[in-house]
Amino acid sequence: MSTDGPISEVESLYQQLDDLLEQIQQVETSPASDDAIMAVAESHERAYRRMSGVGHRRVMDVSDRGLVGALGYRGLADLMSHRLRIPDARRRMRHMRMLAQMHSLQGELLPPRYAHLAAAVADGAAAPAHVDSVLDTLAKIPNRVPADVQDAAEAMMADFARELTPKQLTTVGIELLARIDPDGALTDDADRKRRRKLQLGNQDVQSMSDLSAVLSPKARALLEVALAAWAAPGMNNPDDENSPAGGQGDADIEQLKEAADRDSRTQGQRNHDALEALLDAVVNQGALGKSHRGFPPHLIIKISESELRALAGLGATATGSRLPIKDVVELAARAHSHLAVFKDHTAQPLYLGTSKRFANRAQRLALFAQPGGGGCSTPGCTQPSAHVEVHHSERDWADGGLTDIDKMGPACPRHNRMVGPKPGQWTTSIIREGPDAGRTGWSLNPRIGPPPPPRVNRAHEVGELLEHYLRRGSIGDAPQPKSSVMPSRTTATAARTLSRTRRRRVRRTRRIGPKSGGLSRLGPRVR
């Protein structure tokens with residue numbers, strides 16, 4: 001802090017912050033209640049995420065003042081690494097380029113490159129790791145993709161960053177990229193055909209062989225279906241003479257459960273043993289079994305009517321894979337493929353009631369085909385349909401719940417067993433009104449008070465959400481950064497500036513100035 005002259009307001013605020021942090025470090029937490037401890041932990045993490053965004057402005061202040069060169073540093077990254085002790089300066093500069101406000105050569109303060117993501121950081125809803133996941137996805141969108149699609153993708157990923165973990169966000173980003181470019185502008189059919197391979201290496205001294213492969217989307221989808229049925233715990237275990245052979249659907253339930261309890265193999269070892277058993281069945285038996293978790297062990301695809309009619313888009317499989325429309329049409333003609341085509345916005349499942357505990361095949365297919373039915377319905381879970389169970393959403397079957405299509409929802413084994421009345425468990429219900437009517441809602445049980453409003457999982461409907469964001473309206477609807485990022489001005493002026501800038505698709509570039517050695521004022525370059 002400077003000691004020359006009167007203390008500025010910003011310096012005084014940071015002195016108060018330093019004093020407050022000192023008090024927080026020394027505070028005794030044992031008298032606080034459990035709820036208070038949880039609340040302050042959440043407040044701390046939210047404050048940390050907010051400070052990461054405020055910190056971008058502080059570094060920009062240093063650059064704008066020309067302090068990089070004045071203090072003898074070779075560049076801004078050098079100052080950030082050594083004076084500010086920022087561990088990954090290049091990563092931080094990348095975040096600043098996309099989230100901080102920059103000055104044009106005319107001195108105009110421009111809005112952030114990604115305003116929705118900047119707003120999520122300013123609200124304390126997104127951490128640097130979330131920012132990395134979003135930026136990695138957006139960087140892979142080709143420049144020739146229309147501006148409104150790029151804007152919609154940024155808005156959708158920023159909203160997901162408020163709810164999902166960085167790992168889940170990356171999974172959603174992969175799905176988004178495939179939806180944005182379903183016809184192969186990123187990777188065309190010729191490139192896929194050129195790269196495809198399956199190579200069997202020579203046997204080593206133990207007579208073992210390496211197998212390496214680069215699979216096409218169709219080959220991967222088919223392999224996933226086979227492994228889901230044959231590589232389950234307990235199945236096709238060569239070290240267990242009582243292990244069921246073949247597909248999971250053919251196995252005795254009690255025998256399989258006992259074999260699974262004895263199974264100590266890794267997933268890779270189960271995959272190997274399944275492949276061995278599959279090859280044996282193909283060569284000697286010619287069969288793949290009857291079902292897996294109620295699904296036939298074949299390729300099950302769903303696609304909207306408009307995508308099928310336009311011959312453009314992607315089909316979604318029960319195993320979570322995506323297939324180009326060309327492959328979907330080819331596979332639809334085969335006897336063991338299941339193709340579900342629904343009109344847009346009217347994917348209502350058939351009502352198939354039954355008094356049995358377990359859902360039948362028709363019900364599982366209907367749940368898979370309904371909106372958001374691509375996998376586990378727990379918010380944020382990305383497990384695909386081939387790995388889920390059918391959960392009695394309103395009342396457990398043992399408590400009198402009915403195995404009816406409008407009272408069930410998909411849930412992976414982990415989350416299905418986390419449903420219950422205790423704190424930390426989930427309460428589920430069927431939402432009866434609004435745009436999510438018919439879907440399973442999840443609420444995490446608190447220690448005191450009623451559960452929060454139920455939430456649904458949107459991680460399996462990236463394609464539908466992208467269409468929603470594209471239809472949502474004006475680019476100028478982007479959220480405005482908070483006052484810590486944007487200086488005081490009227491809301492109308494800020495909105496006009498943001499809308500005008502986004503329409504022109506300004507690309508801001510940084511230049512290292514000989515005087516400052518840091519970030520100079522940024523001039524707009526129209527894309």
# chains A, B, ... in the order shown; residues from 1 in each chain; ligands from 1
$ select_by_dssp --residues "range 139-248 of chain A" --states "alpha helix (DSSP H)" --output "count of residues only"
52
$ residues_around --residues "Met93 in chain A" --least-positions-apart "6" --cutoff "12 Å" --atoms "only C-alpha atoms" --output "compact mmCIF listing (two decimals) with N, CA and C atoms, in the first residue's frame"
# COMPACT_ATOMS: atom_id res chain seq x y z
N GLY A 53 -12.96 -12.71 -9.88
CA GLY A 53 -13.37 -11.76 -10.93
C GLY A 53 -12.92 -10.34 -10.63
N GLY A 55 -10.35 -9.55 -8.98
CA GLY A 55 -8.91 -9.51 -9.17
C GLY A 55 -8.51 -9.21 -10.60
N HIS A 56 -9.32 -9.60 -11.57
CA HIS A 56 -9.01 -9.27 -12.97
C HIS A 56 -8.94 -7.75 -13.15
N ARG A 57 -9.88 -7.04 -12.52
CA ARG A 57 -9.90 -5.57 -12.66
C ARG A 57 -8.67 -4.93 -12.02
N VAL A 59 -5.66 -6.26 -11.75
CA VAL A 59 -4.51 -6.48 -12.62
C VAL A 59 -4.60 -5.55 -13.84
N MET A 60 -5.81 -5.35 -14.35
CA MET A 60 -5.98 -4.44 -15.48
C MET A 60 -5.61 -3.01 -15.08
N SER A 63 -1.92 -2.71 -15.38
CA SER A 63 -1.52 -2.62 -16.78
C SER A 63 -1.86 -1.26 -17.38
N GLY A 75 7.22 -7.99 -18.88
CA GLY A 75 5.85 -8.06 -19.39
C GLY A 75 4.89 -8.25 -18.26
N LEU A 76 3.60 -8.21 -18.57
CA LEU A 76 2.59 -8.34 -17.55
C LEU A 76 2.65 -9.71 -16.88
N ALA A 77 2.90 -10.77 -17.68
CA ALA A 77 2.98 -12.10 -17.10
C ALA A 77 4.12 -12.19 -16.09
N ASP A 78 5.22 -11.50 -16.38
CA ASP A 78 6.36 -11.49 -15.47
C ASP A 78 5.98 -10.82 -14.15
N LEU A 79 5.29 -9.67 -14.24
CA LEU A 79 4.85 -8.99 -13.03
C LEU A 79 3.85 -9.84 -12.25
N MET A 80 2.93 -10.46 -12.94
CA MET A 80 1.92 -11.29 -12.28
C MET A 80 2.57 -12.46 -11.56
N SER A 81 3.59 -13.07 -12.17
CA SER A 81 4.22 -14.23 -11.58
C SER A 81 5.08 -13.88 -10.36
N ILE A 86 1.07 -14.73 -8.73
CA ILE A 86 -0.01 -15.51 -9.34
C ILE A 86 0.61 -16.77 -9.93
N PRO A 87 0.21 -17.95 -9.49
CA PRO A 87 0.92 -19.19 -9.87
C PRO A 87 0.85 -19.53 -11.35
N LEU A 99 -13.12 -12.15 -19.69
CA LEU A 99 -14.07 -11.75 -18.65
C LEU A 99 -13.91 -10.31 -18.19
N ALA A 100 -12.73 -9.71 -18.32
CA ALA A 100 -12.52 -8.35 -17.83
C ALA A 100 -12.95 -7.33 -18.87
N PRO A 128 -12.66 -20.38 -11.07
CA PRO A 128 -11.74 -20.44 -12.21
C PRO A 128 -11.77 -21.75 -12.97
N ASP A 132 -12.39 -22.29 -16.96
CA ASP A 132 -11.56 -23.08 -17.87
C ASP A 132 -12.41 -24.00 -18.72
N ARG A 510 -4.74 -8.10 -27.62
CA ARG A 510 -3.83 -7.43 -26.72
C ARG A 510 -2.51 -7.17 -27.46
N GLY A 518 2.94 -4.15 -20.81
CA GLY A 518 1.76 -4.90 -20.38
C GLY A 518 0.67 -4.84 -21.40
N LEU A 519 -0.57 -4.78 -20.94
CA LEU A 519 -1.72 -4.75 -21.82
C LEU A 519 -2.02 -3.31 -22.19
$ residues_around --residues "Ala139 in chain A" --least-positions-apart "4" --cutoff "12 Å" --atoms "only C-alpha atoms" --output "number ranges by chain"
A: 94, 98, 114, 131-135, 143, 145, 150, 153-154, 173-174, 177
$ residues_around --residues "Tyr48 in chain A" --least-positions-apart "2" --cutoff "12 Å" --atoms "only C-alpha atoms" --output "ChimeraX atom specification"
/A:41-46,50-55,121-128
$ residues_around --residues "range 158-164 of chain A" --least-positions-apart "5" --cutoff "7 Å" --atoms "only C-alpha atoms" --output "PyMOL selection string"
chain A and resi 116-117+120+125-126+130+169+380
$ atom_distance --atom1 "CA of Pro217 in chain A" --atom2 "CA of Gly268 in chain A"
20.5 Å
$ select_by_dssp --residues "range 353-449 of chain A" --states "strand (DSSP E)" --output "short mmCIF file (atom, residue, chain, number, x, y, z; two decimals) with all heavy atoms, in the first residue's frame"
data_model
loop_
_atom_site.label_atom_id
_atom_site.label_comp_id
_atom_site.auth_asym_id
_atom_site.auth_seq_id
_atom_site.Cartn_x
_atom_site.Cartn_y
_atom_site.Cartn_z
N GLU A 389 -31.28 -47.21 -13.38
CA GLU A 389 -32.42 -48.02 -12.96
C GLU A 389 -33.67 -47.16 -13.07
O GLU A 389 -33.59 -45.95 -13.25
CB GLU A 389 -32.22 -48.48 -11.50
CG GLU A 389 -30.96 -49.30 -11.31
CD GLU A 389 -30.59 -49.50 -9.84
OE1 GLU A 389 -31.17 -48.77 -8.99
OE2 GLU A 389 -29.74 -50.36 -9.56
N VAL A 390 -34.83 -47.78 -12.99
CA VAL A 390 -36.09 -47.03 -13.01
C VAL A 390 -36.53 -46.82 -11.57
O VAL A 390 -36.76 -47.77 -10.83
CB VAL A 390 -37.16 -47.76 -13.83
CG1 VAL A 390 -38.49 -47.00 -13.75
CG2 VAL A 390 -36.72 -47.89 -15.28
N HIS A 391 -36.63 -45.57 -11.18
CA HIS A 391 -36.89 -45.17 -9.80
C HIS A 391 -38.37 -44.82 -9.62
O HIS A 391 -38.96 -44.12 -10.46
CB HIS A 391 -36.02 -43.96 -9.45
CG HIS A 391 -36.39 -43.27 -8.18
ND1 HIS A 391 -36.36 -43.89 -6.96
CD2 HIS A 391 -36.82 -41.99 -7.96
CE1 HIS A 391 -36.74 -43.02 -6.03
NE2 HIS A 391 -37.02 -41.87 -6.61
N HIS A 392 -38.97 -45.30 -8.54
CA HIS A 392 -40.33 -44.91 -8.19
C HIS A 392 -40.27 -43.51 -7.57
O HIS A 392 -39.90 -43.35 -6.40
CB HIS A 392 -40.95 -45.90 -7.20
CG HIS A 392 -41.20 -47.25 -7.81
ND1 HIS A 392 -40.19 -48.16 -8.04
CD2 HIS A 392 -42.35 -47.84 -8.25
CE1 HIS A 392 -40.70 -49.26 -8.57
NE2 HIS A 392 -42.01 -49.09 -8.72
N MET A 408 -42.65 -42.70 -12.44
CA MET A 408 -41.28 -43.21 -12.39
C MET A 408 -40.34 -42.28 -13.15
O MET A 408 -40.77 -41.47 -13.97
CB MET A 408 -41.20 -44.62 -12.98
CG MET A 408 -42.05 -45.65 -12.25
SD MET A 408 -41.78 -47.33 -12.88
CE MET A 408 -42.31 -47.14 -14.58
N GLY A 409 -39.06 -42.44 -12.86
CA GLY A 409 -38.04 -41.67 -13.55
C GLY A 409 -36.72 -42.42 -13.51
O GLY A 409 -36.51 -43.29 -12.65
N PRO A 410 -35.80 -42.13 -14.42
CA PRO A 410 -34.51 -42.82 -14.43
C PRO A 410 -33.58 -42.31 -13.34
O PRO A 410 -33.54 -41.11 -13.03
CB PRO A 410 -33.95 -42.49 -15.82
CG PRO A 410 -34.58 -41.18 -16.18
CD PRO A 410 -35.95 -41.17 -15.54
N ALA A 411 -32.84 -43.21 -12.71
CA ALA A 411 -31.86 -42.84 -11.68
C ALA A 411 -30.73 -43.86 -11.70
O ALA A 411 -30.97 -45.06 -11.77
CB ALA A 411 -32.51 -42.80 -10.30
N TRP A 426 -32.06 -37.55 -0.64
CA TRP A 426 -32.89 -36.84 -1.61
C TRP A 426 -34.36 -37.20 -1.44
O TRP A 426 -34.70 -38.35 -1.12
CB TRP A 426 -32.47 -37.20 -3.03
CG TRP A 426 -31.12 -36.70 -3.44
CD1 TRP A 426 -29.93 -37.36 -3.33
CD2 TRP A 426 -30.81 -35.45 -4.07
NE1 TRP A 426 -28.91 -36.60 -3.83
CE2 TRP A 426 -29.41 -35.43 -4.29
CE3 TRP A 426 -31.58 -34.34 -4.45
CZ2 TRP A 426 -28.78 -34.35 -4.89
CZ3 TRP A 426 -30.94 -33.27 -5.04
CH2 TRP A 426 -29.56 -33.27 -5.25
N THR A 427 -35.20 -36.21 -1.68
CA THR A 427 -36.64 -36.44 -1.81
C THR A 427 -37.00 -36.23 -3.28
O THR A 427 -36.60 -35.23 -3.88
CB THR A 427 -37.44 -35.46 -0.94
OG1 THR A 427 -37.17 -35.74 0.44
CG2 THR A 427 -38.94 -35.61 -1.19
N THR A 428 -37.74 -37.18 -3.85
CA THR A 428 -38.11 -37.08 -5.26
C THR A 428 -39.62 -36.98 -5.40
O THR A 428 -40.39 -37.43 -4.55
CB THR A 428 -37.60 -38.28 -6.06
OG1 THR A 428 -38.17 -39.49 -5.53
CG2 THR A 428 -36.09 -38.39 -5.99
N SER A 429 -40.04 -36.40 -6.51
CA SER A 429 -41.46 -36.25 -6.81
C SER A 429 -41.62 -36.08 -8.30
O SER A 429 -40.65 -35.80 -9.02
CB SER A 429 -42.05 -35.04 -6.06
OG SER A 429 -41.41 -33.85 -6.48
N ILE A 430 -42.84 -36.25 -8.77
CA ILE A 430 -43.15 -35.98 -10.17
C ILE A 430 -43.71 -34.57 -10.26
O ILE A 430 -44.69 -34.23 -9.58
CB ILE A 430 -44.17 -36.99 -10.73
CG1 ILE A 430 -43.58 -38.40 -10.73
CG2 ILE A 430 -44.59 -36.60 -12.15
CD1 ILE A 430 -42.39 -38.59 -11.65
N THR A 440 -39.09 -36.05 -13.18
CA THR A 440 -38.76 -36.29 -11.79
C THR A 440 -37.98 -35.11 -11.22
O THR A 440 -36.95 -34.71 -11.79
CB THR A 440 -37.93 -37.57 -11.63
OG1 THR A 440 -38.71 -38.69 -12.10
CG2 THR A 440 -37.54 -37.81 -10.18
N GLY A 441 -38.48 -34.53 -10.12
CA GLY A 441 -37.79 -33.45 -9.44
C GLY A 441 -37.07 -33.97 -8.20
O GLY A 441 -37.57 -34.86 -7.50
N TRP A 442 -35.90 -33.42 -7.92
CA TRP A 442 -35.07 -33.86 -6.79
C TRP A 442 -34.83 -32.69 -5.84
O TRP A 442 -34.49 -31.59 -6.26
CB TRP A 442 -33.72 -34.38 -7.29
CG TRP A 442 -33.80 -35.63 -8.12
CD1 TRP A 442 -34.32 -35.75 -9.37
CD2 TRP A 442 -33.34 -36.93 -7.75
NE1 TRP A 442 -34.22 -37.04 -9.81
CE2 TRP A 442 -33.62 -37.79 -8.84
CE3 TRP A 442 -32.73 -37.45 -6.62
CZ2 TRP A 442 -33.29 -39.14 -8.81
CZ3 TRP A 442 -32.39 -38.80 -6.60
CH2 TRP A 442 -32.68 -39.64 -7.69
N SER A 443 -34.99 -32.94 -4.54
CA SER A 443 -34.72 -31.94 -3.49
C SER A 443 -33.83 -32.58 -2.43
O SER A 443 -34.13 -33.68 -1.95
CB SER A 443 -36.02 -31.45 -2.84
OG SER A 443 -36.88 -30.86 -3.79
N LEU A 444 -32.75 -31.91 -2.07
CA LEU A 444 -31.85 -32.42 -1.05
C LEU A 444 -32.39 -32.07 0.32
O LEU A 444 -32.67 -30.90 0.62
CB LEU A 444 -30.45 -31.82 -1.24
CG LEU A 444 -29.32 -32.45 -0.42
CD1 LEU A 444 -29.14 -33.91 -0.80
CD2 LEU A 444 -28.02 -31.68 -0.65
#
$ closest_residue --among "A:Asp189, A:Asp64, A:Glu254, A:Glu461" --to "Ala369 in chain A" --atoms "only C-alpha atoms"
A:Glu461
$ residues_around --residues "Arg471 in chain A" --least-positions-apart "3" --cutoff "12 Å" --atoms "only C-alpha atoms" --output "JSON, numbers by chain"
{"A": [148, 149, 151, 152, 464, 465, 466, 467, 468, 474, 475]}
$ atom_distance --atom1 "CA of Asn457 in chain A" --atom2 "CA of Gly434 in chain A"
15.2 Å
$ atom_distance --atom1 "CA of Glu175 in chain A" --atom2 "CA of Arg220 in chain A"
15.4 Å
$ closest_residue --among "A:Ala228, A:Ala129, A:Val388, A:Leu200" --to "Gln248 in chain A" --atoms "only C-alpha atoms"
A:Ala228
